Structure formats: structure tokens, C-alpha cells
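Following: one structure in C-alpha cells, then a few remarks.
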Amino acid sequence: MLENISHIARYNFWTARPDTGVRRERYLHAVRKFRQSALVRVLVGQRRVGKSYLMRQLIGDIIDDGTPPAHTLYINKEFTDFDFLKDGRDLADFCESYFSSIPGIQTRYLFIDEIQNIQNWEKAVNSLSQDYTRNYRIFITGSNAQLLSGELATHLSGRYVSFLVTAFCYDEFLAISSLPAGKASFLKFLQTGGLPELFKLPDEESRRHYVSAVYDTVILRDIVERHHIRDVSLLKDLFTFIAANAGSLISVNRLIAYFKGQGRKTNYETAAQYIRYLEDAFIIHKCERYQIKGKDVLSGSAKYYLNDLTFKNYLFPGVHLGWGHLMENLVYIELLARGYTVYTGQHQDKEIDFVASLGEETRYLQVAWQLTDERTKARDYAPLLNIRDAHPKLLISADDIPLPPQEGIPNLLYWDAFAKNGSF
């Protein structure tokens with residue numbers, strides 16, 4: 001298999017360094033903690049959010065720390081030059097052939113992009129990662145949640161660590177746009193989005209075409225082809241409905257009633273499964289309800305958020321979500337990107353936008369567009385004031401200036417909370 005080395009050399013770091021893009025320090029720091037571990041590092045997330053660039057950044061950092069470039073092997077199954085790797089046996093044989101040809105090698109650094117495109121890859125990764133005579137350090141990416149709930153859970157239970165990669169968050173948007181934190185840059189971010197490739201395109205028309213192509217790839221390749229979907233129009237209409245109702249409580253029964261009102265036929269099982277497929281492709285996220293007093297996750301309705309507002313802004317510009325719902329979507333993704341587990345809270349008869357937990361830390365967050373008068377302020381603070389435990393509480397808004405704390409609960413402006421040196 002070594003005859004293929006010449007075809008893939010240009011993707012690797014052996015003689016030159018490929019483009020590594022804008023550094024994603026948040027993720028690099030998180031993954032770096034596990035660098036010397038034998039755990040398989042798994043980067044998951046929607047297509048085109050920058051997982052490949054992040055992987056190349058990891059390779060560059062490992063080389064900068066003293067690892068010879070030849071001790072790293074990068075495979076990207078998006079490129080036809082890697083078509084010779086059809087299944088797990090091909091993968092294992094090729095890795096062994098390549099690394100065995102390097103004299104004096106101690107640690108083998110293996111990086112595989114879009115690994116789900118290799119049949120039975122999980123058996124090969126499990127075998128290589130557990131081979132104590134070879135000392136592999138393995139990093140993989142994938143664009144489907146089945147990596148975690150299916151293949152990895154079955155074959156690598158307890159032997160991997162995963163990282164959800166999102167599109168650019170606000171601090172990264174500021175860095176790539178060379179804009180200062182503030183309301184003007186926040187409004188621009190709110191009305192565009194964070195897909196990394198957008199920032200290389202010259203005008204709105206080319207950006208719209210690009211977003212449409214990403215959407216088609218996610219829908220057709222990651223969902224329709226993978227799951228043999230027959231009613232593609234229903235799948236697309238479900239996504240459109242969720243995009244138009246992001247941040248609102250949605251139940252499958254509500255969706256069925258809506259489509260029946262439109263003269264469309266569907267059933268509970270099909271609608272629920274299609275939504276799950278959209279989640280698995282990371283194009284939407286489900287935020288379940290959490291009963292704060294009883295500490296239980298509630299079944300039935302849930303909130304759904306877009307993985308990136310790019311899709312709403314470029315594909316459905318006529319859909320009016322409301323500024324508050326758009327900002328709520330941004331806050332939700334900011335929390336996910338920081339590693340929080342996020343629910344929408346229920347306490348007595350009031351709804352708390354987010355209950356965010358990270359390790360032993362729990363925070364309650366309320367999101368409001370603007371606290372324009374006493375009635376609005378009272379309404380948006382009430383859910384937080386109603387909770388009497390000791391966990392931190394805060395209200396995030398887009399006002400021109402923050403309000404004084406209310407009974408110890410601070411009001412943070414979005415751009416002050418989530419800029420690089422923000423308060424959050």
C-alpha cells in the first residue's frame with residue numbers, strides 16, 4: 001500500500017505545512033489536555049465548521065513541540081486521493097505499512113478526517129488504539145452523531161473523549177473580522193453567521209450559494225443517503241419549520257398538526273425519526289426541558305436551535321424569528337462551544353431560558369433583547385428571582401448599557417459576556 005504515499009504527501013506535513021486556518025484556541029486547549037493519553041480524541045460537528053482545519057492545527061502544534069513530521073499521518077476521506085482506503089482492514093494495513101517504514105519511531109500520531117466514510121473503521125481504530133506494542137495517538141473527526149451513540153459506544157466504550165466543534169463563536173468572529181467587541185459587531189454577527197468559509201467569499205451572492213451548497217450536502221449526503229430517506233421534501237420542510245421556530249417549545253405532535261393543516265401526511269414515528277437525523281447531522285440541536293425543583297428531565301416538548309444562524313440568514317431571510325430568539329440561539333451555541341450541558345429550565349410556573357452545567361458548576365441564564373421599561377425588566381428578571389438556590393444567575397441582553405444588578409443578579413451585555421476577554 002505504500003505506493004499511495006506519493007498521492008497523499010501534499011496533504012501531510014512531511015515536507016511542507018498545509019494551510020491551518022484561523023486558530024481555534026478554545027478547542028486546541030481542550031484537546032491538548034489529553035495529548036499524552038491513549039484515549040482516542042474525537043472531534044464531531046456539522047460539516048464545514050472547521051474540524052479539518054482544527055485537526056491540521058493539532059498536527060502543527062505536535063510538530064512544533066518536537067515530534068518529527070514523518071511521525072504523523074493525516075488521512076482525509078473527503079478527498080479522492082484516499083479512495084484506496086475502503087474499509088477498516090485497508091486502514092489498519094496502510095497505517096502499519098507507513099509507520100513501520102519510519103526508523104526509530106516511538107509514538108505514532110494518526111489523524112483521520114470524516115472517518116465515517118471508511119466501512120468498519122471502528123474495528124481498525126479500536127485495534128490500533130489498544131495495541132500496546134505500537135503506541136498510537138489517534139485523532140478522528142466525523143459529521144454524524146452516530147459516531148458517539150453507535151460505532152464508538154460499541155467498540156470504544158470508555159476509551160475515547162469527544163469534543164463538539166461548532167462554527168465560529170462571537171470571539172472568533174471578532175478575530176477573523178478584525179472588529180471590536182460592541183453592539184455594532186454583535187448585530188453584524190447576528191445577521192450573518194459563523195461558517196468559517198464565509199469569511200473568504202467576496203460578496204453576498206457567493207455566500208448565499210455557499211450556504212445553500214453546505215445545506216444540500218448535509219441534507220443529501222449526511223441524512224438522505226445515509227438513512228435512505230424517501231420523503232426528502234418532508235425532511236427539508238421539518239428543518240424549515242424548526243428554523244422558523246428556533247427557541248420555541250416544539251413537540252412532535254405539534255409538528256404533525258402543522259403539516260396536516262398544510263395538507264401533508266406524516267406520522268409520529270417518521271417525524272420523530274427525521275428530527276433525530278437532523279440532530280445527528282448537527283445542523284440542529286435539541287434543548288430538553290429540566291425541572292429545577294425535581295431535578296428531572298421532562299419529556300414531551302423541547303426547544304430546538306440552529307447549529308449556526310447562517311442557515312436562517314441566507315436560506316430563509318423572510319422568516320422573522322425576532323431579535324430575542326436569534327440572540328437566544330447564539331447564547332445556546334456559545335454555551336455548547338464552552339462545553340456546557342444545556343437545558344431549558346422549568347421552575348413552578350416560570351421558564352428559565354437556560355440551565356447550563358459544566359462539572360460541578362451550574363448557572364441559570366435568561367436572555368432578553370432589550371430591557372426597555374420596568375414591565376419588561378420585571379418580566380425578564382422574574383424567573384431568575386423565583387429560584388432560591390445558590391447557583392449563579394445572570395440576565396444577558398443587547399441594551400446600550402447594562403442595568404444595575406437586581407437582588408444580586410447581574411445584567412451582562414452579550415458582547416461583554418462572550419468576547420475573548422468577556423465576563424462569562
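We label chains A, B, ... in the order they appear in the C-alpha cells, count residues from 1 in each chain, and number ligands from 1 in the order shown.
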Can you list, as a VMD selection string, all residues belonging to segment 180-312 of chain A that DSSP tags as helix (DSSP H, G or I)? chain A and resid 183 to 190 196 to 200 204 to 227 232 to 244 252 to 261 268 to 280 310 to 312
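Near Ile275 of chain A, within 9 Å and counting only C-alpha atoms, sit Leu235, Leu238, Phe239, Val252, Thr270, Ala271, Ala272, Gln273, Tyr277, Leu278, Glu279, Asp280 and Ile284 of chain A, not including residues fewer than 2 positions from it in the same chain.
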Quick one: residues within 8 Å of segment 202-208 of chain A, only C-alpha atoms counted, chain neighbours fewer than 3 positions away excluded, as a ChimeraX atom specification? /A:198,211-212,314-315
Generate a file of the selected residues that holds C-alpha atoms, formatted as a compact mmCIF listing (two decimals), in the first residue's frame.
```
# COMPACT_ATOMS: atom_id res chain seq x y z
CA LEU A 198 -17.98 32.63 4.59
CA VAL A 211 -24.52 28.19 2.38
CA SER A 212 -27.01 26.54 0.04
CA TYR A 314 -29.05 33.13 3.99
CA LEU A 315 -31.64 30.46 3.20
```
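Minimum distance to Gly158 of chain A across A:Phe94, A:His347, A:Val40, A:Asp19 (counting only C-alpha atoms) occurs at A:Val40.
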When distances are computed from only C-alpha atoms, which of A:Gln146, A:Ser100, A:Ser52, A:Asn253 shows the smallest separation from Glu122 of chain A?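 Closest to Glu122 of chain A, using only C-alpha atoms: A:Gln146.
Taking only C-alpha atoms into account, Thr141 of chain A lies nearest to A:Val49 out of the set A:Cys169, A:Val49, A:Leu220, A:Ala356.
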